[in-house]
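Engineer: For reference, the structure I am asking about is given below.
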2 protein chains.
Amino acid sequence: MNIGILGGGQLARMLALAGIHLNHRFRVLDPSPGACAARVAKQIRGHWEDRNALDQLMATSDVVTFEFENVPANSARYLASQRAFFPPAQALEFAQDRLCEKQLFSSLGIPAAPFQRIDSADDLSRSLAGIGIPAVLKRRTLGYDGKGQVVINSAKAAPDGWEQLGRTPCILESKIHFRREVSIIGVRGQSGEMAFYPVSENTHRDGILRYCIAHPIDPAQNEAQHYCQLILEHLQYVGVLTLELFDTEQGLVANEIAPRVHNSGHWTIEGAATSQFENHVRAILGLPLGETSARGFSAMVNFISTIPRAQEVLAIPDASFHDYGKSPRPGRKLGHATICTQNSARAIQGLTQVLRLAAEKPRTM
Amino acid sequence: MNIGILGGGQLARMLALAGIHLNHRFRVLDPSPGACAARVAKQIRGHWEDRNALDQLMATSDVVTFEFENVPANSARYLASQRAFFPPAQALEFAQDRLCEKQLFSSLGIPAAPFQRIDSADDLSRSLAGIGIPAVLKRRTLGYDGKGQVVINSAKAAPDGWEQLGRTPCILESKIHFRREVSIIGVRGQSGEMAFYPVSENTHRDGILRYCIAHPIDPAQNEAQHYCQLILEHLQYVGVLTLELFDTEQGLVANEIAPRVHNSGHWTIEGAATSQFENHVRAILGLPLGETSARGFSAMVNFISTIPRAQEVLAIPDASFHDYGKSPRPGRKLGHATICTQNSARAIQGLTQVLRLAAEKPRTM
């Protein structure tokens, strides 16, 4: 089959690498010259709003998917009207607008931080009293990697926050006190079949995921899986979906969804029986899903801004190395390493060594 | 790095798929239009004797390797004189000539079937008395998948055998009575570091490998590993090498070597911590080798002449599917499936199901 992907970054590349052995062909639509996925897929250079480029992609694709959630709504609608397009365009609407996302959680009875819709400075000062301090003001759209949000620590600071985000539609959320951040990756096939990966424990810094740990069994698994399942079923979803949650004293609190393969699931390439990438490919093609069980203890570290030499990473026992071949730039994800082993102490040891190479401080060890 | 491969079949494709995430680029030299590996590597169309084609390959390669042992000796010498060329050209000489191969086993004290060099019909009838009946007459060069050999069951049949193989230099071997055929895959890095995969038990029919079973622990492991190590060290080998052996009442008897990644190691993609393909790439680039331990029980089935639909294969629990995208032809390897699981009963169950799809009868179940 021919699979078209909106976006040609590392996620598209890992999708292609997970589908070529099944004899599928990939084509990516991306405006950047020499996109990361172009090594394993034909690239159509163009913007995601460009009707000609979309037509070109469709001309050679039996099914179209995407590697990022900010697919322009018009493009998603256009593609979905002409081709098999998965995950469903509706999932993009929820993922693109934090207000809709919160309303989705709320309608499904999934715990989430108390929130208010903010359309003006007045809304903000009024809502602050109800939500309490500290609170987080988030743009409703186009936020990622911690961008497009600001913590408000006092009523006096509110107008500044509103200015800072550009006086654009926002939501105000109560700031959650959590013990840890986790995510769960679920996949739903065209027949309604579902599978869930072990929960990943995620450590962020400056809003960017730094490293993950995935145990075969996590105390948050059942609860996280239940919430993820509610969303997959409600959206009649097809493909991989990621749900990020805060683990708090009161239980799990949903943070956001990503209707796609996710950085916190990169460990599944080596660490799970079937990777998130292969399962996404299987789902959108209507193939049976693969086993999602863990092969042991896994940890994944992102290489951001700089990347070590393969020599150094692969000298660490149980380490795998992924170099996306992207030119370095501050804050850019250039690659990652995964440690996968049967022994949890050895996993932590490997993780510590990789973190050192990534010049990343472990949070708690 | 840029890696050149002589041959663009499924082995080259799996090598490329195992090296792209490390940010390496692959180029294959193959005369056939649309070689199987061309989906993930740039193909140079040309013959392996063609000096221009070899020069083209070298112009864009930091290191050159091969996916088949019948690399013309002149080409191997030419490449090795100009570029990093691994495995060493010397290994090709042993693998290309059954007489040299037997002499290698013998010089290293590795048990092998008694043999005689045969250059004439007279040699054959003289040697038959010493070797005994039944015996196997094998062309010294260019044999693979059971081709280029004939079993001689009586002295009377000898002249026919000699004619059948084209009166070409041969060896005559005593026919070994074995309980099973096994292979061991070893890898040696540029620093002399070595690693060995769990032994695979192989079932052939009509001289072609049909299916393999690899347990985490096999009674033949230590002996097989010892022989493989002797060869790797003797040849100052770099890369993956496969040693095929007969398991007999008297212990292991070496059959042949393949100085390359091997069909009996396809299970390592899903079933081992690091695949044979990635370890070959690591070895030829001077990178540290990866863990070779088994992730459980694995079984691999070849799809020969015909290939089932992905839908059918992936519906089998714990099954992975590889479709090489080759057009069907009698006797052609078109793909394979691997079952990898923690549970040996489940592995056998999965294997039985895949064998049914492959229209392949299990030998003993």
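Labeling convention for the structure tokens: chains A, B, ... as they appear, residues from 1 per chain, ligands from 1 in order of appearance.
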Would you kindly report the residues of chain B within 6 Å of chain A, using only C-alpha atoms, as a PyMOL selection string?
Structural biologist: chain B and resi 21-23+40+287-288+311+314-315+322-323+325
Engineer: If chain A is fitted onto chain B by least squares over all C-alpha atoms, taken pair by pair in sequence order, what do its new coordinates look like as a tab-separated table (two decimals) with C-alpha atoms, in the first residue's frame?
Structural biologist:
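Contents of the output file part.tsv:
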chain	number	residue	atom	x	y	z
A	1	MET	CA	28.50	7.25	7.14
A	2	ASN	CA	27.90	5.97	3.63
A	3	ILE	CA	27.72	2.22	3.33
A	4	GLY	CA	27.99	0.43	0.00
A	5	ILE	CA	26.59	-3.07	-0.41
A	6	LEU	CA	27.28	-5.53	-3.20
A	7	GLY	CA	23.87	-7.00	-3.86
A	8	GLY	CA	20.47	-5.37	-3.47
A	9	GLY	CA	18.26	-8.21	-2.28
A	10	GLN	CA	16.38	-8.67	0.98
A	11	LEU	CA	19.55	-9.02	3.03
A	12	ALA	CA	20.76	-5.63	1.79
A	13	ARG	CA	17.34	-4.20	2.51
A	14	MET	CA	17.34	-5.51	6.07
A	15	LEU	CA	20.88	-4.18	6.55
A	16	ALA	CA	19.74	-0.74	5.44
A	17	LEU	CA	16.63	-0.86	7.62
A	18	ALA	CA	18.93	-1.67	10.56
A	19	GLY	CA	21.28	1.23	9.89
A	20	ILE	CA	19.13	4.16	8.86
A	21	HIS	CA	18.09	5.00	12.42
A	22	LEU	CA	21.82	5.34	13.17
A	23	ASN	CA	21.81	7.97	10.41
A	24	HIS	CA	23.76	5.97	7.86
A	25	ARG	CA	23.13	6.10	4.13
A	26	PHE	CA	23.12	3.00	1.96
A	27	ARG	CA	23.91	2.41	-1.67
A	28	VAL	CA	23.57	-0.99	-3.33
A	29	LEU	CA	25.17	-2.34	-6.49
A	30	ASP	CA	22.86	-4.77	-8.26
A	31	PRO	CA	22.19	-5.56	-11.91
A	32	SER	CA	18.43	-6.23	-11.54
A	33	PRO	CA	15.99	-3.41	-12.21
A	34	GLY	CA	14.18	-2.34	-9.04
A	35	ALA	CA	16.19	-4.47	-6.62
A	36	CYS	CA	14.41	-5.21	-3.36
A	37	ALA	CA	16.71	-2.91	-1.35
A	38	ALA	CA	16.14	0.07	-3.66
A	39	ARG	CA	13.24	1.21	-1.47
A	40	VAL	CA	15.70	2.18	1.27
A	41	ALA	CA	18.98	2.60	-0.58
A	42	LYS	CA	20.15	4.25	-3.77
A	43	GLN	CA	20.74	1.58	-6.38
A	44	ILE	CA	23.62	1.59	-8.83
A	45	ARG	CA	22.65	-0.75	-11.64
A	46	GLY	CA	25.56	-2.81	-12.73
A	47	HIS	CA	27.34	-6.11	-12.50
A	48	TRP	CA	29.75	-6.97	-9.73
A	49	GLU	CA	32.62	-7.33	-12.20
A	50	ASP	CA	31.97	-3.92	-13.77
A	51	ARG	CA	34.89	-1.66	-12.81
A	52	ASN	CA	32.85	1.50	-13.53
A	53	ALA	CA	30.03	0.34	-11.31
A	54	LEU	CA	32.47	-0.54	-8.53
A	55	ASP	CA	34.04	2.90	-8.85
A	56	GLN	CA	30.63	4.52	-8.64
A	57	LEU	CA	29.86	2.53	-5.51
A	58	MET	CA	33.15	3.51	-3.90
A	59	ALA	CA	32.77	7.17	-4.82
A	60	THR	CA	29.86	7.39	-2.42
A	61	SER	CA	30.84	4.81	0.21
A	62	ASP	CA	33.02	5.09	3.28
A	63	VAL	CA	32.87	1.34	3.73
A	64	VAL	CA	31.81	-1.49	1.42
A	65	THR	CA	30.24	-4.81	2.38
A	66	PHE	CA	28.29	-7.55	0.59
A	67	GLU	CA	25.13	-9.58	1.02
A	68	PHE	CA	26.25	-12.75	-0.81
A	69	GLU	CA	29.43	-14.79	-0.80
A	70	ASN	CA	29.90	-15.16	-4.53
A	71	VAL	CA	31.47	-11.74	-4.92
A	72	PRO	CA	33.96	-12.04	-7.82
A	73	ALA	CA	37.46	-12.39	-6.33
A	74	ASN	CA	38.86	-9.63	-8.53
A	75	SER	CA	36.16	-7.22	-7.45
A	76	ALA	CA	36.70	-8.02	-3.79
A	77	ARG	CA	40.44	-7.45	-4.18
A	78	TYR	CA	39.88	-4.21	-6.06
A	79	LEU	CA	37.46	-2.84	-3.49
A	80	ALA	CA	39.61	-3.94	-0.54
A	81	SER	CA	42.62	-2.14	-2.04
A	82	GLN	CA	40.76	1.17	-2.18
A	83	ARG	CA	38.22	1.25	0.61
A	84	ALA	CA	37.40	-0.23	3.99
A	85	PHE	CA	35.95	-3.57	2.86
A	86	PHE	CA	34.37	-5.92	5.39
A	87	PRO	CA	34.14	-8.86	6.01
A	88	PRO	CA	37.72	-9.49	4.84
A	89	ALA	CA	38.19	-10.66	1.25
A	90	GLN	CA	39.99	-13.74	2.59
A	91	ALA	CA	36.74	-14.98	4.12
A	92	LEU	CA	35.20	-14.93	0.66
A	93	GLU	CA	37.91	-17.26	-0.64
A	94	PHE	CA	37.08	-19.85	2.01
A	95	ALA	CA	33.36	-19.49	1.50
A	96	GLN	CA	33.60	-19.69	-2.30
A	97	ASP	CA	35.55	-22.91	-2.46
A	98	ARG	CA	34.34	-25.95	-0.56
A	99	LEU	CA	37.82	-27.44	-0.59
A	100	CYS	CA	39.37	-24.39	1.12
A	101	GLU	CA	36.43	-24.30	3.54
A	102	LYS	CA	36.99	-27.93	4.57
A	103	GLN	CA	40.71	-27.31	4.91
A	104	LEU	CA	39.94	-24.34	7.14
A	105	PHE	CA	37.76	-26.47	9.43
A	106	SER	CA	40.42	-29.14	9.49
A	107	SER	CA	43.27	-26.72	10.25
A	108	LEU	CA	41.31	-25.30	13.18
A	109	GLY	CA	40.41	-28.73	14.57
A	110	ILE	CA	36.71	-28.22	13.85
A	111	PRO	CA	35.02	-31.58	13.15
A	112	ALA	CA	33.75	-31.87	9.58
A	113	ALA	CA	32.71	-34.75	7.30
A	114	PRO	CA	35.64	-36.72	5.83
A	115	PHE	CA	36.26	-35.38	2.32
A	116	GLN	CA	38.41	-35.82	-0.78
A	117	ARG	CA	39.30	-33.45	-3.56
A	118	ILE	CA	37.84	-34.61	-6.88
A	119	ASP	CA	39.21	-33.39	-10.19
A	120	SER	CA	38.25	-36.30	-12.44
A	121	ALA	CA	35.94	-39.29	-12.78
A	122	ASP	CA	38.88	-41.42	-11.74
A	123	ASP	CA	39.42	-39.39	-8.56
A	124	LEU	CA	35.76	-39.93	-7.82
A	125	SER	CA	35.69	-43.70	-8.16
A	126	ARG	CA	38.96	-44.01	-6.20
A	127	SER	CA	37.74	-41.75	-3.39
A	128	LEU	CA	34.34	-43.39	-3.11
A	129	ALA	CA	35.90	-46.49	-1.59
A	130	GLY	CA	37.55	-44.46	1.18
A	131	ILE	CA	34.67	-42.09	1.89
A	132	GLY	CA	32.03	-44.82	1.72
A	133	ILE	CA	28.46	-44.87	0.50
A	134	PRO	CA	26.26	-42.85	0.61
A	135	ALA	CA	28.44	-39.87	-0.16
A	136	VAL	CA	27.78	-36.34	-1.42
A	137	LEU	CA	29.54	-34.91	-4.44
A	138	LYS	CA	29.63	-31.11	-4.31
A	139	ARG	CA	30.95	-28.57	-6.76
A	140	ARG	CA	33.73	-26.65	-5.12
A	141	THR	CA	32.28	-23.31	-6.23
A	142	LEU	CA	28.95	-21.55	-6.77
A	143	GLY	CA	26.75	-23.87	-4.75
A	144	TYR	CA	23.88	-22.47	-2.69
A	145	ASP	CA	20.42	-23.51	-1.53
A	146	GLY	CA	21.31	-27.18	-2.17
A	147	LYS	CA	22.28	-26.47	-5.76
A	148	GLY	CA	25.52	-27.91	-7.17
A	149	GLN	CA	25.49	-31.15	-5.24
A	150	VAL	CA	24.36	-34.71	-5.73
A	151	VAL	CA	24.06	-37.68	-3.40
A	152	ILE	CA	25.86	-40.80	-4.62
A	153	ASN	CA	24.23	-43.96	-3.40
A	154	SER	CA	26.26	-46.52	-5.31
A	155	ALA	CA	29.61	-46.82	-7.06
A	156	LYS	CA	27.70	-47.39	-10.30
A	157	ALA	CA	25.95	-44.01	-9.97
A	158	ALA	CA	29.23	-42.11	-9.55
A	159	PRO	CA	29.93	-41.36	-13.27
A	160	ASP	CA	26.41	-39.96	-13.65
A	161	GLY	CA	26.95	-37.67	-10.68
A	162	TRP	CA	30.20	-36.44	-12.17
A	163	GLU	CA	28.44	-35.69	-15.47
A	164	GLN	CA	25.51	-34.08	-13.70
A	165	LEU	CA	27.71	-31.52	-11.97
A	166	GLY	CA	29.45	-30.73	-15.25
A	167	ARG	CA	32.82	-32.45	-14.69
A	168	THR	CA	33.94	-29.54	-12.66
A	169	PRO	CA	36.27	-29.51	-9.61
A	170	CYS	CA	34.39	-31.03	-6.70
A	171	ILE	CA	34.79	-32.48	-3.29
A	172	LEU	CA	33.39	-35.79	-2.18
A	173	GLU	CA	32.06	-35.89	1.35
A	174	SER	CA	30.83	-38.66	3.52
A	175	LYS	CA	27.06	-38.22	4.02
A	176	ILE	CA	26.48	-37.21	7.61
A	177	HIS	CA	23.65	-38.75	9.62
A	178	PHE	CA	22.39	-35.95	11.75
A	179	ARG	CA	19.62	-35.42	14.28
A	180	ARG	CA	19.17	-31.85	13.21
A	181	GLU	CA	20.80	-28.98	11.41
A	182	VAL	CA	21.78	-25.92	13.37
A	183	SER	CA	23.56	-22.66	12.71
A	184	ILE	CA	25.32	-20.14	14.84
A	185	ILE	CA	25.74	-16.50	13.96
A	186	GLY	CA	28.74	-14.70	15.38
A	187	VAL	CA	29.89	-11.13	14.98
A	188	ARG	CA	33.34	-9.67	15.48
A	189	GLY	CA	34.05	-5.97	15.73
A	190	GLN	CA	37.09	-4.05	14.56
A	191	SER	CA	38.53	-4.12	18.06
A	192	GLY	CA	38.32	-7.93	18.20
A	193	GLU	CA	35.22	-7.85	20.41
A	194	MET	CA	32.94	-10.84	19.67
A	195	ALA	CA	29.32	-11.77	20.32
A	196	PHE	CA	27.25	-14.83	19.43
A	197	TYR	CA	23.55	-15.33	18.93
A	198	PRO	CA	21.66	-18.28	20.34
A	199	VAL	CA	21.89	-21.31	18.05
A	200	SER	CA	19.10	-21.69	15.53
A	201	GLU	CA	17.67	-25.09	14.63
A	202	ASN	CA	17.04	-25.16	10.88
A	203	THR	CA	14.76	-27.27	8.72
A	204	HIS	CA	15.52	-27.48	5.01
A	205	ARG	CA	13.53	-29.00	2.17
A	206	ASP	CA	14.91	-29.37	-1.35
A	207	GLY	CA	18.05	-27.69	-0.07
A	208	ILE	CA	16.24	-24.48	0.88
A	209	LEU	CA	15.80	-23.27	4.44
A	210	ARG	CA	12.12	-23.56	5.35
A	211	TYR	CA	11.98	-22.64	9.02
A	212	CYS	CA	14.10	-22.05	12.12
A	213	ILE	CA	13.58	-22.29	15.84
A	214	ALA	CA	15.78	-20.38	18.28
A	215	HIS	CA	15.60	-21.08	21.99
A	216	PRO	CA	17.33	-18.83	24.50
A	217	ILE	CA	19.39	-21.90	25.52
A	218	ASP	CA	20.33	-24.73	23.18
A	219	PRO	CA	22.46	-27.73	24.21
A	220	ALA	CA	24.67	-27.12	21.15
A	221	GLN	CA	25.39	-23.50	22.08
A	222	ASN	CA	28.82	-23.78	23.71
A	223	GLU	CA	30.30	-26.14	21.15
A	224	ALA	CA	28.93	-24.16	18.20
A	225	GLN	CA	30.12	-20.89	19.69
A	226	HIS	CA	33.60	-22.29	20.25
A	227	TYR	CA	33.95	-23.31	16.59
A	228	CYS	CA	32.55	-20.02	15.36
A	229	GLN	CA	34.97	-18.12	17.57
A	230	LEU	CA	37.94	-20.09	16.18
A	231	ILE	CA	36.96	-19.07	12.65
A	232	LEU	CA	36.31	-15.41	13.50
A	233	GLU	CA	39.68	-15.14	15.21
A	234	HIS	CA	41.60	-17.02	12.55
A	235	LEU	CA	40.23	-14.80	9.78
A	236	GLN	CA	40.61	-11.62	11.85
A	237	TYR	CA	37.03	-11.28	10.76
A	238	VAL	CA	34.94	-8.10	10.93
A	239	GLY	CA	31.16	-8.37	10.59
A	240	VAL	CA	28.62	-11.16	10.90
A	241	LEU	CA	29.57	-14.74	10.03
A	242	THR	CA	27.31	-17.77	9.98
A	243	LEU	CA	28.46	-21.31	10.64
A	244	GLU	CA	26.10	-24.13	9.66
A	245	LEU	CA	26.54	-27.42	11.47
A	246	PHE	CA	25.06	-30.89	11.71
A	247	ASP	CA	24.12	-32.02	15.19
A	248	THR	CA	25.05	-35.73	15.30
A	249	GLU	CA	25.33	-38.52	17.90
A	250	GLN	CA	29.06	-37.75	18.02
A	251	GLY	CA	28.60	-34.00	18.49
A	252	LEU	CA	28.59	-31.08	16.09
A	253	VAL	CA	30.02	-31.40	12.60
A	254	ALA	CA	30.70	-28.23	10.60
A	255	ASN	CA	28.96	-28.02	7.24
A	256	GLU	CA	29.68	-24.61	5.79
A	257	ILE	CA	30.27	-20.94	6.51
A	258	ALA	CA	28.53	-17.91	5.09
A	259	PRO	CA	30.56	-14.71	5.57
A	260	ARG	CA	27.45	-12.57	5.88
A	261	VAL	CA	24.10	-12.06	7.54
A	262	HIS	CA	22.05	-15.18	7.11
A	263	ASN	CA	18.48	-16.36	6.61
A	264	SER	CA	18.71	-18.43	9.81
A	265	GLY	CA	19.24	-15.15	11.70
A	266	HIS	CA	16.17	-13.26	10.48
A	267	TRP	CA	14.49	-14.06	13.80
A	268	THR	CA	17.00	-11.74	15.50
A	269	ILE	CA	15.15	-8.67	14.17
A	270	GLU	CA	12.37	-9.23	16.67
A	271	GLY	CA	13.86	-11.99	18.80
A	272	ALA	CA	17.24	-10.65	19.93
A	273	ALA	CA	18.26	-7.51	21.77
A	274	THR	CA	20.20	-6.36	18.66
A	275	SER	CA	19.55	-7.85	15.23
A	276	GLN	CA	22.24	-9.57	13.15
A	277	PHE	CA	21.76	-6.74	10.66
A	278	GLU	CA	22.42	-3.93	13.11
A	279	ASN	CA	25.39	-5.78	14.56
A	280	HIS	CA	26.87	-6.24	11.09
A	281	VAL	CA	26.49	-2.50	10.48
A	282	ARG	CA	28.00	-1.71	13.87
A	283	ALA	CA	30.94	-4.08	13.27
A	284	ILE	CA	31.92	-2.76	9.83
A	285	LEU	CA	31.73	0.82	11.13
A	286	GLY	CA	33.89	0.11	14.16
A	287	LEU	CA	31.04	0.75	16.61
A	288	PRO	CA	30.56	-1.22	19.83
A	289	LEU	CA	28.54	-4.40	19.29
A	290	GLY	CA	25.05	-4.78	20.71
A	291	GLU	CA	23.65	-7.44	23.03
A	292	THR	CA	22.87	-10.70	21.22
A	293	SER	CA	20.71	-12.36	23.86
A	294	ALA	CA	17.32	-13.81	22.91
A	295	ARG	CA	14.15	-12.00	23.93
A	296	GLY	CA	12.33	-15.29	24.37
A	297	PHE	CA	11.49	-18.17	22.06
A	298	SER	CA	11.59	-17.36	18.38
A	299	ALA	CA	10.63	-19.17	15.22
A	300	MET	CA	11.01	-17.98	11.63
A	301	VAL	CA	9.28	-19.34	8.53
A	302	ASN	CA	10.30	-18.50	4.97
A	303	PHE	CA	7.65	-17.76	2.37
A	304	ILE	CA	8.95	-19.39	-0.79
A	305	SER	CA	7.34	-19.20	-4.25
A	306	THR	CA	4.17	-17.70	-2.76
A	307	ILE	CA	3.44	-15.33	0.09
A	308	PRO	CA	0.31	-15.06	2.22
A	309	ARG	CA	-1.56	-11.81	2.87
A	310	ALA	CA	-0.36	-9.63	5.73
A	311	GLN	CA	-3.85	-9.86	7.20
A	312	GLU	CA	-3.53	-13.62	7.65
A	313	VAL	CA	-0.02	-13.58	9.08
A	314	LEU	CA	-0.58	-10.73	11.51
A	315	ALA	CA	-3.74	-12.33	12.86
A	316	ILE	CA	-1.47	-14.96	14.43
A	317	PRO	CA	-0.49	-13.97	17.97
A	318	ASP	CA	3.13	-12.77	18.33
A	319	ALA	CA	3.71	-12.82	14.57
A	320	SER	CA	5.76	-10.28	12.64
A	321	PHE	CA	5.64	-10.19	8.88
A	322	HIS	CA	8.30	-9.28	6.32
A	323	ASP	CA	7.31	-8.94	2.68
A	324	TYR	CA	10.33	-8.30	0.46
A	325	GLY	CA	8.16	-6.94	-2.33
A	326	LYS	CA	9.62	-9.33	-4.89
A	327	SER	CA	7.60	-10.75	-7.75
A	328	PRO	CA	6.76	-14.42	-7.16
A	329	ARG	CA	8.82	-17.08	-8.91
A	330	PRO	CA	9.15	-20.79	-8.07
A	331	GLY	CA	11.72	-21.35	-5.35
A	332	ARG	CA	12.14	-17.63	-4.70
A	333	LYS	CA	12.23	-16.33	-1.13
A	334	LEU	CA	9.49	-13.67	-1.03
A	335	GLY	CA	9.25	-12.92	2.67
A	336	HIS	CA	9.23	-14.42	6.11
A	337	ALA	CA	7.34	-14.35	9.38
A	338	THR	CA	8.75	-14.47	12.88
A	339	ILE	CA	7.02	-15.59	16.04
A	340	CYS	CA	8.62	-14.22	19.19
A	341	THR	CA	7.17	-14.93	22.61
A	342	GLN	CA	8.09	-15.63	26.23
A	343	ASN	CA	6.30	-18.96	26.18
A	344	SER	CA	7.69	-21.94	24.26
A	345	ALA	CA	4.32	-23.66	23.83
A	346	ARG	CA	2.91	-20.46	22.37
A	347	ALA	CA	5.90	-20.20	20.05
A	348	ILE	CA	5.30	-23.71	18.70
A	349	GLN	CA	1.60	-22.95	18.32
A	350	GLY	CA	2.38	-19.78	16.36
A	351	LEU	CA	4.95	-21.61	14.27
A	352	THR	CA	2.41	-24.29	13.36
A	353	GLN	CA	-0.05	-21.64	12.22
A	354	VAL	CA	2.53	-19.84	10.10
A	355	LEU	CA	3.70	-23.13	8.56
A	356	ARG	CA	0.12	-23.77	7.52
A	357	LEU	CA	0.01	-20.39	5.75
A	358	ALA	CA	3.34	-21.17	4.11
A	359	ALA	CA	1.88	-24.53	2.98
A	360	GLU	CA	4.89	-26.04	4.73
A	361	LYS	CA	4.71	-29.25	6.70
A	362	PRO	CA	6.33	-29.21	10.12
A	363	ARG	CA	9.11	-31.80	10.43
A	364	THR	CA	8.41	-32.84	14.00
A	365	MET	CA	5.90	-31.13	16.23
Engineer: Would you list, as a PyMOL selection string, the residues of region 5-212 of chain B that end up in helix (DSSP H, G or I) under DSSP run on this structure's backbone?
Structural biologist: chain B and resi 10-17+20-22+36-39+51-59+73-82+89-96+98-107+121-131+155-164
Engineer: Could you tell me, as an mmCIF file with C-alpha atoms, in the first residue's frame, which residues of region 6-255 of chain B DSSP assigns to strand (DSSP E) when given the backbone?
Structural biologist:
data_model
loop_
_atom_site.group_PDB
_atom_site.id
_atom_site.type_symbol
_atom_site.label_atom_id
_atom_site.label_comp_id
_atom_site.auth_asym_id
_atom_site.auth_seq_id
_atom_site.Cartn_x
_atom_site.Cartn_y
_atom_site.Cartn_z
ATOM 1 C CA LEU B 6 27.277 -5.543 -3.197
ATOM 2 C CA ARG B 25 23.133 6.086 4.121
ATOM 3 C CA PHE B 26 23.111 2.998 1.954
ATOM 4 C CA ARG B 27 23.912 2.394 -1.661
ATOM 5 C CA VAL B 28 23.555 -1.006 -3.336
ATOM 6 C CA LEU B 29 25.146 -2.365 -6.484
ATOM 7 C CA ASP B 30 22.841 -4.792 -8.240
ATOM 8 C CA LYS B 42 20.130 4.222 -3.781
ATOM 9 C CA GLN B 43 20.724 1.557 -6.388
ATOM 10 C CA ILE B 44 23.603 1.569 -8.828
ATOM 11 C CA ARG B 45 22.627 -0.762 -11.647
ATOM 12 C CA VAL B 63 32.869 1.331 3.724
ATOM 13 C CA VAL B 64 31.805 -1.497 1.420
ATOM 14 C CA THR B 65 30.241 -4.810 2.387
ATOM 15 C CA PHE B 66 28.286 -7.566 0.589
ATOM 16 C CA ALA B 84 37.390 -0.235 3.986
ATOM 17 C CA PHE B 85 35.972 -3.582 2.864
ATOM 18 C CA PHE B 115 36.267 -35.383 2.331
ATOM 19 C CA GLN B 116 38.389 -35.805 -0.781
ATOM 20 C CA ARG B 117 39.310 -33.437 -3.536
ATOM 21 C CA ILE B 118 37.823 -34.594 -6.873
ATOM 22 C CA ALA B 135 28.457 -39.850 -0.200
ATOM 23 C CA VAL B 136 27.784 -36.335 -1.433
ATOM 24 C CA LEU B 137 29.548 -34.900 -4.444
ATOM 25 C CA LYS B 138 29.638 -31.106 -4.314
ATOM 26 C CA ARG B 139 30.940 -28.546 -6.769
ATOM 27 C CA GLN B 149 25.487 -31.126 -5.244
ATOM 28 C CA VAL B 150 24.367 -34.692 -5.757
ATOM 29 C CA VAL B 151 24.060 -37.674 -3.420
ATOM 30 C CA ILE B 152 25.858 -40.782 -4.634
ATOM 31 C CA CYS B 170 34.388 -31.022 -6.702
ATOM 32 C CA ILE B 171 34.798 -32.476 -3.278
ATOM 33 C CA LEU B 172 33.394 -35.793 -2.194
ATOM 34 C CA GLU B 173 32.075 -35.880 1.343
ATOM 35 C CA SER B 174 30.829 -38.662 3.510
ATOM 36 C CA ARG B 180 19.157 -31.859 13.213
ATOM 37 C CA GLU B 181 20.806 -28.986 11.409
ATOM 38 C CA VAL B 182 21.780 -25.919 13.388
ATOM 39 C CA SER B 183 23.569 -22.670 12.714
ATOM 40 C CA ILE B 184 25.316 -20.142 14.855
ATOM 41 C CA ILE B 185 25.743 -16.512 13.967
ATOM 42 C CA GLY B 186 28.733 -14.701 15.386
ATOM 43 C CA VAL B 187 29.883 -11.143 14.986
ATOM 44 C CA ARG B 188 33.328 -9.680 15.473
ATOM 45 C CA MET B 194 32.925 -10.835 19.672
ATOM 46 C CA ALA B 195 29.313 -11.772 20.321
ATOM 47 C CA PHE B 196 27.248 -14.835 19.431
ATOM 48 C CA SER B 200 19.095 -21.697 15.537
ATOM 49 C CA GLU B 201 17.675 -25.091 14.630
ATOM 50 C CA ASN B 202 17.052 -25.170 10.895
ATOM 51 C CA THR B 203 14.777 -27.262 8.739
ATOM 52 C CA HIS B 204 15.537 -27.471 5.025
ATOM 53 C CA ARG B 205 13.547 -28.991 2.193
ATOM 54 C CA ILE B 208 16.246 -24.480 0.896
ATOM 55 C CA LEU B 209 15.810 -23.274 4.456
ATOM 56 C CA ARG B 210 12.131 -23.546 5.352
ATOM 57 C CA TYR B 211 11.980 -22.647 9.017
ATOM 58 C CA CYS B 212 14.104 -22.043 12.119
ATOM 59 C CA ILE B 213 13.573 -22.298 15.842
ATOM 60 C CA ALA B 214 15.782 -20.390 18.283
ATOM 61 C CA GLY B 239 31.166 -8.370 10.602
ATOM 62 C CA VAL B 240 28.618 -11.156 10.901
ATOM 63 C CA LEU B 241 29.569 -14.737 10.044
ATOM 64 C CA THR B 242 27.308 -17.771 9.987
ATOM 65 C CA LEU B 243 28.459 -21.313 10.651
ATOM 66 C CA GLU B 244 26.112 -24.136 9.672
ATOM 67 C CA LEU B 245 26.536 -27.422 11.469
ATOM 68 C CA PHE B 246 25.061 -30.898 11.724
ATOM 69 C CA ASP B 247 24.118 -32.040 15.197
ATOM 70 C CA THR B 248 25.057 -35.734 15.303
ATOM 71 C CA GLY B 251 28.580 -33.997 18.509
ATOM 72 C CA LEU B 252 28.588 -31.103 16.088
ATOM 73 C CA VAL B 253 30.018 -31.401 12.598
ATOM 74 C CA ALA B 254 30.686 -28.233 10.606
ATOM 75 C CA ASN B 255 28.958 -28.036 7.243
#
